[in-house]
>>> print(open('query-v4.csv').read())   # CSV, C-alpha atoms
chain,number,residue,atom,x,y,z
A,21,MET,CA,12.1,-35.3,70.6
A,22,LEU,CA,9.8,-32.4,71.1
A,23,PHE,CA,10.7,-30.9,67.7
A,24,SER,CA,10.1,-34.3,66.0
A,25,LEU,CA,6.6,-34.4,67.5
A,26,ILE,CA,5.8,-30.9,66.3
A,27,LEU,CA,7.1,-31.8,62.8
A,28,LEU,CA,5.0,-34.9,62.6
A,29,THR,CA,1.9,-33.0,63.7
A,30,SER,CA,2.5,-30.3,61.2
A,31,ASN,CA,3.0,-32.8,58.4
A,32,ARG,CA,-0.2,-34.5,59.4
A,33,MET,CA,-2.0,-31.2,59.2
A,34,ILE,CA,-0.7,-30.5,55.7
A,35,PHE,CA,-1.7,-33.9,54.6
A,36,ILE,CA,-5.3,-33.5,56.0
A,37,ASN,CA,-5.5,-30.1,54.3
A,38,SER,CA,-4.6,-31.6,50.9
A,39,GLN,CA,-7.0,-34.5,51.6
A,40,LYS,CA,-9.9,-32.2,52.3
A,41,GLU,CA,-9.2,-30.2,49.2
A,42,ILE,CA,-9.5,-33.3,47.1
A,43,GLU,CA,-12.5,-34.6,49.0
A,44,SER,CA,-14.5,-31.5,48.6
A,45,SER,CA,-13.8,-31.4,44.8
A,46,ALA,CA,-14.7,-35.1,44.5
A,47,GLU,CA,-18.0,-34.6,46.4
A,48,LYS,CA,-19.0,-31.7,44.1
A,49,LYS,CA,-18.1,-33.8,41.0
A,50,ALA,CA,-20.0,-36.8,42.3
A,51,ILE,CA,-23.2,-34.7,42.8
A,52,THR,CA,-22.8,-33.2,39.3
A,53,ILE,CA,-22.4,-36.6,37.8
A,54,ALA,CA,-25.6,-37.9,39.5
A,55,GLN,CA,-27.5,-34.8,38.5
A,56,THR,CA,-26.4,-35.3,34.8
A,57,TYR,CA,-27.9,-38.8,34.7
A,58,ILE,CA,-31.1,-37.6,36.3
A,59,ASP,CA,-31.4,-34.7,33.9
A,60,GLU,CA,-30.9,-37.1,31.0
A,61,ALA,CA,-33.4,-39.6,32.2
A,62,ARG,CA,-36.1,-37.1,33.1
A,63,ALA,CA,-36.1,-35.7,29.6
A,64,LEU,CA,-37.3,-39.1,28.3
A,65,PRO,CA,-40.8,-40.5,28.5
A,66,PHE,CA,-42.0,-41.9,31.8
A,67,ASP,CA,-42.4,-45.4,30.4
A,68,ALA,CA,-41.8,-47.3,27.1
A,69,ASN,CA,-45.6,-47.5,26.8
A,70,THR,CA,-46.1,-43.7,27.2
A,71,ALA,CA,-43.8,-42.6,24.4
A,72,GLY,CA,-46.7,-42.4,21.9
A,73,GLY,CA,-49.2,-41.1,24.4
A,74,PRO,CA,-50.8,-42.6,27.5
A,75,PRO,CA,-51.6,-46.3,27.5
A,76,ALA,CA,-55.3,-47.4,27.6
A,77,GLN,CA,-54.9,-48.1,31.4
A,78,VAL,CA,-52.8,-46.2,33.8
A,79,PRO,CA,-50.8,-47.6,35.6
A,80,GLU,CA,-51.7,-51.1,34.5
A,81,GLY,CA,-50.5,-50.4,31.0
A,82,PHE,CA,-46.9,-49.5,32.0
A,83,SER,CA,-44.0,-51.9,31.5
A,84,SER,CA,-41.3,-53.2,33.8
A,85,CYS,CA,-38.1,-51.3,34.5
A,86,GLY,CA,-34.7,-51.9,32.9
A,87,GLN,CA,-33.1,-52.1,29.5
A,88,ALA,CA,-30.2,-54.3,28.4
A,89,ASN,CA,-28.6,-52.1,25.7
A,90,LEU,CA,-27.4,-48.5,26.3
A,91,SER,CA,-28.3,-47.7,22.7
A,92,ASP,CA,-31.9,-48.6,23.3
A,93,PHE,CA,-32.4,-46.3,26.2
A,94,ASN,CA,-35.5,-44.3,25.4
A,95,ASP,CA,-37.5,-44.0,28.6
A,96,PHE,CA,-37.0,-43.1,32.2
A,97,ASP,CA,-36.7,-46.6,33.7
A,98,ASP,CA,-34.2,-47.9,31.1
A,99,TYR,CA,-31.5,-46.6,33.4
A,100,HIS,CA,-32.3,-49.2,36.0
A,101,GLY,CA,-29.3,-51.5,36.6
A,102,LEU,CA,-26.9,-49.2,34.8
A,103,ASN,CA,-23.3,-49.4,36.1
A,104,GLU,CA,-20.7,-47.1,34.6
A,105,THR,CA,-17.4,-45.5,35.3
A,106,VAL,CA,-17.0,-41.8,34.8
A,107,ASP,CA,-13.7,-39.9,34.4
A,108,TRP,CA,-12.9,-37.0,36.7
A,109,GLN,CA,-11.3,-35.1,33.8
A,110,LYS,CA,-13.3,-35.7,30.7
A,111,GLY,CA,-11.4,-38.0,28.3
A,112,SER,CA,-8.6,-38.8,30.7
A,113,GLY,CA,-9.8,-42.4,31.1
A,114,ASP,CA,-9.1,-42.3,34.8
A,115,GLY,CA,-12.5,-43.9,35.7
A,116,ALA,CA,-12.4,-42.2,39.1
A,117,PHE,CA,-16.1,-42.5,39.7
A,118,ASN,CA,-18.4,-45.5,39.7
A,119,VAL,CA,-22.1,-44.8,39.0
A,120,SER,CA,-24.9,-47.3,39.6
A,121,ILE,CA,-28.5,-46.5,39.1
A,122,GLN,CA,-31.7,-48.0,40.4
A,123,VAL,CA,-35.2,-47.1,39.0
A,124,LEU,CA,-38.1,-48.7,40.7
A,125,TYR,CA,-41.9,-48.4,40.9
A,126,VAL,CA,-42.7,-46.9,44.4
A,127,SER,CA,-45.9,-46.0,46.1
A,128,SER,CA,-47.1,-43.2,48.3
A,129,SER,CA,-48.4,-45.7,50.8
A,130,SER,CA,-44.9,-46.9,51.5
A,131,GLY,CA,-43.5,-43.3,51.7
A,132,PHE,CA,-41.9,-43.8,48.2
A,133,ASP,CA,-39.4,-46.0,49.9
A,134,MET,CA,-36.9,-47.8,47.6
A,135,ALA,CA,-36.8,-50.8,49.9
A,136,SER,CA,-40.4,-51.7,49.1
A,137,GLY,CA,-40.0,-50.6,45.4
A,138,HIS,CA,-40.1,-53.1,42.5
A,139,THR,CA,-39.3,-53.3,38.9
A,140,GLY,CA,-42.5,-55.1,37.8
A,141,THR,CA,-46.1,-55.4,38.8
A,142,PRO,CA,-48.0,-54.0,40.5
A,143,TYR,CA,-47.2,-50.8,38.5
A,144,THR,CA,-47.8,-47.5,40.1
A,145,GLU,CA,-47.8,-43.9,38.8
A,146,PHE,CA,-44.5,-43.2,40.6
A,147,LYS,CA,-41.0,-44.2,39.6
A,148,LYS,CA,-38.0,-43.3,41.8
A,149,MET,CA,-34.5,-43.1,40.5
A,150,VAL,CA,-31.5,-43.3,42.9
A,151,VAL,CA,-28.1,-42.5,41.4
A,152,THR,CA,-25.2,-43.8,43.6
A,153,VAL,CA,-21.8,-42.5,43.0
A,154,THR,CA,-18.6,-43.9,44.7
A,155,SER,CA,-15.0,-43.2,44.3
A,156,ASP,CA,-11.6,-43.9,45.9
A,157,TYR,CA,-11.5,-40.1,46.6
A,158,LEU,CA,-14.7,-40.2,48.6
A,159,THR,CA,-13.9,-41.6,52.1
A,160,ASP,CA,-14.9,-40.9,55.6
A,161,ASN,CA,-12.6,-40.2,58.5
A,162,ASN,CA,-11.9,-43.9,58.9
A,163,GLY,CA,-10.8,-44.2,55.3
A,164,ASP,CA,-14.0,-46.2,54.4
A,165,LYS,CA,-15.7,-45.4,51.1
A,166,ILE,CA,-18.8,-43.2,51.3
A,167,GLU,CA,-21.6,-43.3,48.8
A,168,ILE,CA,-23.2,-40.2,47.3
A,169,ARG,CA,-26.8,-41.0,46.7
A,170,VAL,CA,-29.1,-38.6,44.8
A,171,PRO,CA,-32.8,-39.6,44.5
A,172,TYR,CA,-35.3,-38.3,42.0
A,173,LEU,CA,-39.0,-39.1,42.2
A,174,ARG,CA,-41.1,-38.9,39.1
A,175,ARG,CA,-44.9,-39.0,38.7
A,176,TYR,CA,-46.8,-39.8,35.6
A,177,TYR,CA,-49.3,-37.2,34.5
A,178,LYS,CA,-51.8,-38.1,31.9
A,179,THR,CA,-51.6,-35.3,29.3
A,180,GLN,CA,-53.8,-36.6,26.5
B,3,MET,CA,36.0,-20.2,71.6
B,4,ASN,CA,34.2,-22.8,73.5
B,5,ILE,CA,33.4,-25.7,71.2
B,6,GLY,CA,30.4,-26.7,73.2
B,7,LEU,CA,28.9,-23.2,72.9
B,8,THR,CA,29.6,-23.0,69.2
B,9,THR,CA,27.9,-26.4,68.6
B,10,SER,CA,24.9,-25.3,70.7
B,11,PHE,CA,24.5,-22.2,68.5
B,12,ILE,CA,24.7,-24.2,65.3
B,13,VAL,CA,22.1,-26.8,66.5
B,14,ALA,CA,19.9,-24.0,67.8
B,15,GLY,CA,20.2,-22.2,64.4
B,16,ILE,CA,19.3,-25.4,62.5
B,17,LEU,CA,16.3,-25.9,64.8
B,18,LEU,CA,15.1,-22.4,64.3
B,19,LEU,CA,15.4,-22.6,60.5
B,20,SER,CA,13.5,-25.9,60.6
B,21,ILE,CA,10.7,-24.5,62.7
B,22,LEU,CA,10.4,-21.4,60.4
B,23,THR,CA,10.3,-23.6,57.3
B,24,MET,CA,7.7,-25.9,58.9
B,25,ASN,CA,5.6,-22.9,59.9
B,26,MET,CA,5.7,-21.5,56.4
B,27,ASN,CA,4.7,-24.8,54.9
B,28,LEU,CA,1.8,-25.1,57.2
B,29,SER,CA,0.7,-21.5,56.5
B,30,GLN,CA,1.0,-22.1,52.8
B,31,SER,CA,-1.1,-25.2,53.0
B,32,SER,CA,-3.8,-23.4,54.9
B,33,THR,CA,-3.7,-20.5,52.4
B,34,GLN,CA,-4.1,-22.9,49.6
B,35,LEU,CA,-7.1,-24.6,51.2
B,36,THR,CA,-8.8,-21.2,52.0
B,37,MET,CA,-8.1,-20.0,48.5
B,38,ARG,CA,-9.6,-23.2,47.0
B,39,GLN,CA,-12.7,-22.7,49.2
B,40,ILE,CA,-13.1,-19.1,48.0
B,41,THR,CA,-12.7,-20.2,44.3
B,42,GLU,CA,-15.1,-23.1,44.8
B,43,THR,CA,-17.7,-20.6,46.2
B,44,LYS,CA,-17.3,-18.4,43.2
B,45,SER,CA,-17.6,-21.5,41.0
B,46,ASN,CA,-20.8,-22.5,42.7
B,47,THR,CA,-22.3,-19.1,41.8
B,48,ILE,CA,-21.5,-19.7,38.1
B,49,ASN,CA,-22.8,-23.3,38.3
B,50,GLU,CA,-26.1,-22.1,39.8
B,51,ILE,CA,-26.7,-19.6,37.1
B,52,LEU,CA,-25.7,-22.0,34.4
B,53,GLY,CA,-27.8,-24.7,36.0
B,54,LYS,CA,-30.9,-22.5,36.0
B,55,GLY,CA,-30.3,-21.0,32.6
B,56,ILE,CA,-29.3,-23.8,30.3
B,57,PRO,CA,-32.1,-26.3,31.2
B,58,ASN,CA,-34.5,-23.5,30.2
B,59,VAL,CA,-33.3,-23.3,26.6
B,60,GLY,CA,-36.5,-23.0,24.6
B,61,TYR,CA,-38.8,-22.8,27.6
B,62,LYS,CA,-42.1,-21.1,27.5
B,63,GLU,CA,-45.1,-21.7,29.7
B,64,MET,CA,-47.1,-23.7,27.3
B,65,GLY,CA,-45.0,-25.8,25.0
B,66,ALA,CA,-41.6,-24.8,23.7
B,67,ILE,CA,-40.0,-22.1,21.5
B,68,PRO,CA,-39.2,-23.6,18.1
B,69,SER,CA,-35.5,-23.5,17.1
B,70,PRO,CA,-34.4,-21.8,20.3
B,71,ILE,CA,-30.6,-22.1,19.8
B,72,LYS,CA,-29.6,-19.2,17.6
B,73,ASP,CA,-25.8,-19.6,17.8
B,74,ALA,CA,-23.6,-22.4,19.0
B,75,GLN,CA,-19.8,-22.0,19.2
B,76,GLU,CA,-17.1,-23.5,21.3
B,77,GLY,CA,-17.0,-20.4,23.5
B,78,LYS,CA,-20.5,-19.0,22.9
B,79,ILE,CA,-24.1,-20.0,23.0
B,80,LYS,CA,-27.1,-17.9,22.1
B,81,PHE,CA,-30.5,-19.1,22.9
B,82,GLU,CA,-34.1,-18.1,23.5
B,83,GLY,CA,-36.2,-19.0,26.5
B,84,ASP,CA,-38.6,-17.4,28.9
B,85,ILE,CA,-36.1,-17.8,31.8
B,86,ASP,CA,-38.0,-15.5,34.2
B,87,ASN,CA,-41.4,-17.0,33.3
B,88,ASP,CA,-43.0,-13.7,32.6
B,89,GLY,CA,-44.6,-14.8,29.3
B,90,THR,CA,-42.0,-13.0,27.2
B,91,LYS,CA,-39.0,-14.8,25.7
B,92,GLU,CA,-35.5,-13.5,26.4
B,93,THR,CA,-32.4,-13.9,24.4
B,94,VAL,CA,-29.6,-15.2,26.5
B,95,ILE,CA,-25.9,-15.2,25.4
B,96,TRP,CA,-23.1,-16.9,27.3
B,97,GLU,CA,-19.7,-15.8,25.8
B,98,TYR,CA,-16.1,-16.5,26.8
B,99,ASN,CA,-13.4,-14.1,26.1
B,100,SER,CA,-10.0,-15.8,26.3
B,101,SER,CA,-8.0,-12.6,26.0
B,102,ASP,CA,-9.1,-11.3,29.3
B,103,ASN,CA,-10.3,-14.6,30.9
B,104,THR,CA,-13.9,-13.4,31.3
B,105,LEU,CA,-17.2,-15.2,30.9
B,106,THR,CA,-20.2,-13.0,30.2
B,107,ARG,CA,-23.9,-13.7,30.5
B,108,ASP,CA,-26.1,-11.4,28.5
B,109,VAL,CA,-29.8,-11.4,29.1
B,110,GLY,CA,-31.6,-8.9,26.9
B,111,GLY,CA,-28.6,-6.5,27.0
B,112,THR,CA,-28.0,-6.8,30.8
B,113,GLU,CA,-24.5,-8.3,31.2
B,114,THR,CA,-23.0,-10.2,34.1
B,115,THR,CA,-19.3,-10.8,33.9
B,116,PHE,CA,-17.3,-13.5,35.7
B,117,LYS,CA,-13.6,-12.9,35.9
B,118,ASN,CA,-10.6,-15.3,36.2
B,119,VAL,CA,-12.1,-18.0,34.0
B,120,SER,CA,-9.1,-19.6,32.4
B,121,ASN,CA,-11.0,-22.0,30.1
B,122,PHE,CA,-14.6,-22.3,28.9
B,123,GLU,CA,-15.7,-24.9,26.4
B,124,ILE,CA,-19.1,-26.0,25.0
B,125,GLU,CA,-19.7,-29.1,23.1
B,126,TYR,CA,-23.0,-30.0,21.4
B,127,PHE,CA,-24.4,-33.5,20.8
B,128,ASP,CA,-27.4,-34.9,18.9
B,129,SER,CA,-30.0,-37.3,20.1
B,130,ASP,CA,-27.6,-40.3,19.6
B,131,LYS,CA,-24.9,-38.4,21.6
B,132,ASN,CA,-22.8,-37.9,18.6
B,133,LYS,CA,-20.8,-34.7,18.8
B,134,ILE,CA,-21.9,-32.1,16.3
B,135,ASP,CA,-19.0,-30.3,14.6
B,136,ILE,CA,-18.9,-26.6,15.5
B,137,SER,CA,-18.4,-25.6,11.8
B,138,LEU,CA,-21.9,-26.9,11.2
B,139,LEU,CA,-23.4,-24.9,14.1
B,140,SER,CA,-21.6,-21.6,14.4
B,141,GLU,CA,-23.3,-18.6,13.0
B,142,LEU,CA,-19.8,-17.2,12.4
B,143,LEU,CA,-19.0,-20.1,10.1
B,144,SER,CA,-22.3,-20.0,8.4
B,145,GLY,CA,-23.7,-23.0,10.3
B,146,ALA,CA,-27.3,-23.8,9.5
B,147,GLN,CA,-30.3,-23.5,11.9
B,148,SER,CA,-31.3,-26.9,10.8
B,149,GLU,CA,-28.1,-28.3,12.3
B,150,ARG,CA,-28.5,-26.3,15.5
B,151,ASP,CA,-32.0,-27.8,15.8
B,152,LYS,CA,-30.4,-31.3,16.1
B,153,ILE,CA,-28.8,-30.3,19.4
B,154,ARG,CA,-30.1,-32.4,22.3
B,155,PHE,CA,-27.2,-32.4,24.8
B,156,ILE,CA,-25.0,-29.4,25.8
B,157,ASP,CA,-21.8,-30.2,27.5
B,158,ILE,CA,-20.2,-27.2,29.4
B,159,SER,CA,-16.8,-27.2,31.1
B,160,TYR,CA,-14.8,-24.4,32.5
B,161,THR,CA,-11.8,-23.7,34.8
B,162,LEU,CA,-11.9,-21.0,37.3
B,163,GLN,CA,-8.7,-19.6,38.7
B,164,SER,CA,-8.0,-18.0,42.1
B,165,LYS,CA,-7.4,-14.3,42.0
B,166,GLU,CA,-3.9,-14.6,43.4
B,167,LYS,CA,-1.1,-17.1,43.0
B,168,VAL,CA,-0.3,-19.3,46.0
B,169,GLY,CA,2.9,-21.1,47.0
B,170,GLY,CA,6.4,-20.5,45.8
B,171,LEU,CA,8.1,-21.9,48.8
B,172,GLY,CA,11.3,-23.8,48.1
B,173,SER,CA,11.7,-24.9,44.6
B,174,SER,CA,8.1,-24.8,43.5
B,175,ASP,CA,6.8,-21.8,41.5
B,176,PRO,CA,3.7,-19.9,42.8
B,177,LYS,CA,0.6,-21.0,41.0
B,178,TYR,CA,-3.1,-20.3,40.7
B,179,ILE,CA,-5.6,-22.5,42.4
B,180,GLU,CA,-7.9,-23.9,39.8
B,181,VAL,CA,-11.4,-25.3,40.0
B,182,THR,CA,-12.6,-27.3,37.1
B,183,TRP,CA,-16.3,-28.0,36.5
B,184,GLN,CA,-18.0,-29.9,33.8
B,185,LYS,CA,-21.6,-30.9,33.2
B,186,GLN,CA,-23.8,-32.2,30.5
B,187,PHE,CA,-27.2,-30.5,30.2
B,188,THR,CA,-30.3,-32.1,28.7
B,189,PRO,CA,-32.7,-29.3,28.2
B,190,ILE,CA,-36.2,-30.9,28.1
B,191,ASN,CA,-37.6,-28.4,25.6
B,192,LEU,CA,-35.1,-29.5,22.9
B,193,ARG,CA,-37.0,-32.8,22.8
B,194,LEU,CA,-40.5,-31.4,22.4
>>> encode(input="query-v4.csv", output="structure tokens")
Amino acid sequence: MLFSLILLTSNRMIFINSQKEIESSAEKKAITIAQTYIDEARALPFDANTAGGPPAQVPEGFSSCGQANLSDFNDFDDYHGLNETVDWQKGSGDGAFNVSIQVLYVSSSSGFDMASGHTGTPYTEFKKMVVTVTSDYLTDNNGDKIEIRVPYLRRYYKTQ
Amino acid sequence: MNIGLTTSFIVAGILLLSILTMNMNLSQSSTQLTMRQITETKSNTINEILGKGIPNVGYKEMGAIPSPIKDAQEGKIKFEGDIDNDGTKETVIWEYNSSDNTLTRDVGGTETTFKNVSNFEIEYFDSDKNKIDISLLSELLSGAQSERDKIRFIDISYTLQSKEKVGGLGSSDPKYIEVTWQKQFTPINLRL
């Protein structure tokens, strides 16, 4: 009886060790994925209307967030509403991670809070991107899925 | 001989063996976890250096360096950038040597070597995210600078191994703990 209890506890410890190994790798991967999307988006113009230089009026001359087709992504806010699966091992097709992205106009008066952010008017000089990554491999101690959320705040600077 | 005593010895022996096996399994599992954490920490150092260097391809204080990527191979990238922001551009080379599993970063002749890298691969993509063939990029294969100037995304992946093998209990062979990392970089200066 005593031996059985020790055996069960030991098995549980081995299982937890393995679980922690996978979880730490998954967390690292999730953050890298989020950072990749942010890097990609921040290399693009702030808005569709700033690609050829600043609009006549800032921020009134900006446009609303979002873009339907991936092939038309050419500015920062086009990533709004993007939902994709990403493989853990490139090309494996495992789709281990789910990525969803929100890009909203935010304001300093609301502390750049996403809850009071919006895709349309009134436009502001600030856009905030939040990349959320989830996975079956990312769970808390109760086995519930956890979300890795990486925010990025971008401000428009008039350069011309 | 007393049958009861013999049976007791046999049962005690089996129990002792079971406890020893269990203990070794537990110890192996903990070693594996510790080894993974050590390897992850080493990997984080490489990630940090790559993460600071690659986004600065072509960087200079005002504007960007034209045609900053001077060589682009599967296991090597050579680029220019003012990575320490001192107003002078540096030539940075990341090169993988598969024969001794080392990854070397060379900045103006100063080398930093990372050991136990079992795999290192770089892929290059144009603005439409189409992969550019290495034969068009590599200096070694007479790739043209005009082709290298088309690079907008740089995808780097590597696998770092633990220094020692772990395991080998029972029927399994001892093996290295491996940490794989992959990231796509979008250096801003390649778009200017």
>>> residues_around(input="query-v4.csv", residues="Glu97 (chain B)", least_positions_apart="2", cutoff="12 Å", atoms="only C-alpha atoms", output="PyMOL selection string")
chain B and resi 73-81+94-95+99-100+103-109+113-116+119+121-124+158+160
>>> interface_residues(input="query-v4.csv", of="chain B", to="chain A", cutoff="6 Å", atoms="all atoms listed in the file", output="list in words")
Ser31, Gln186, Thr188 and Ile190 of chain B
>>> atom_distance(input="query-v4.csv", atom1="CA of Asn49 (chain B)", atom2="CA of Ile67 (chain B)")
24.1 Å
>>> atom_distance(input="query-v4.csv", atom1="CA of Glu180 (chain B)", atom2="CA of Met24 (chain B)")
24.7 Å
>>> atom_distance(input="query-v4.csv", atom1="CA of Lys72 (chain B)", atom2="CA of Lys54 (chain B)")
18.7 Å
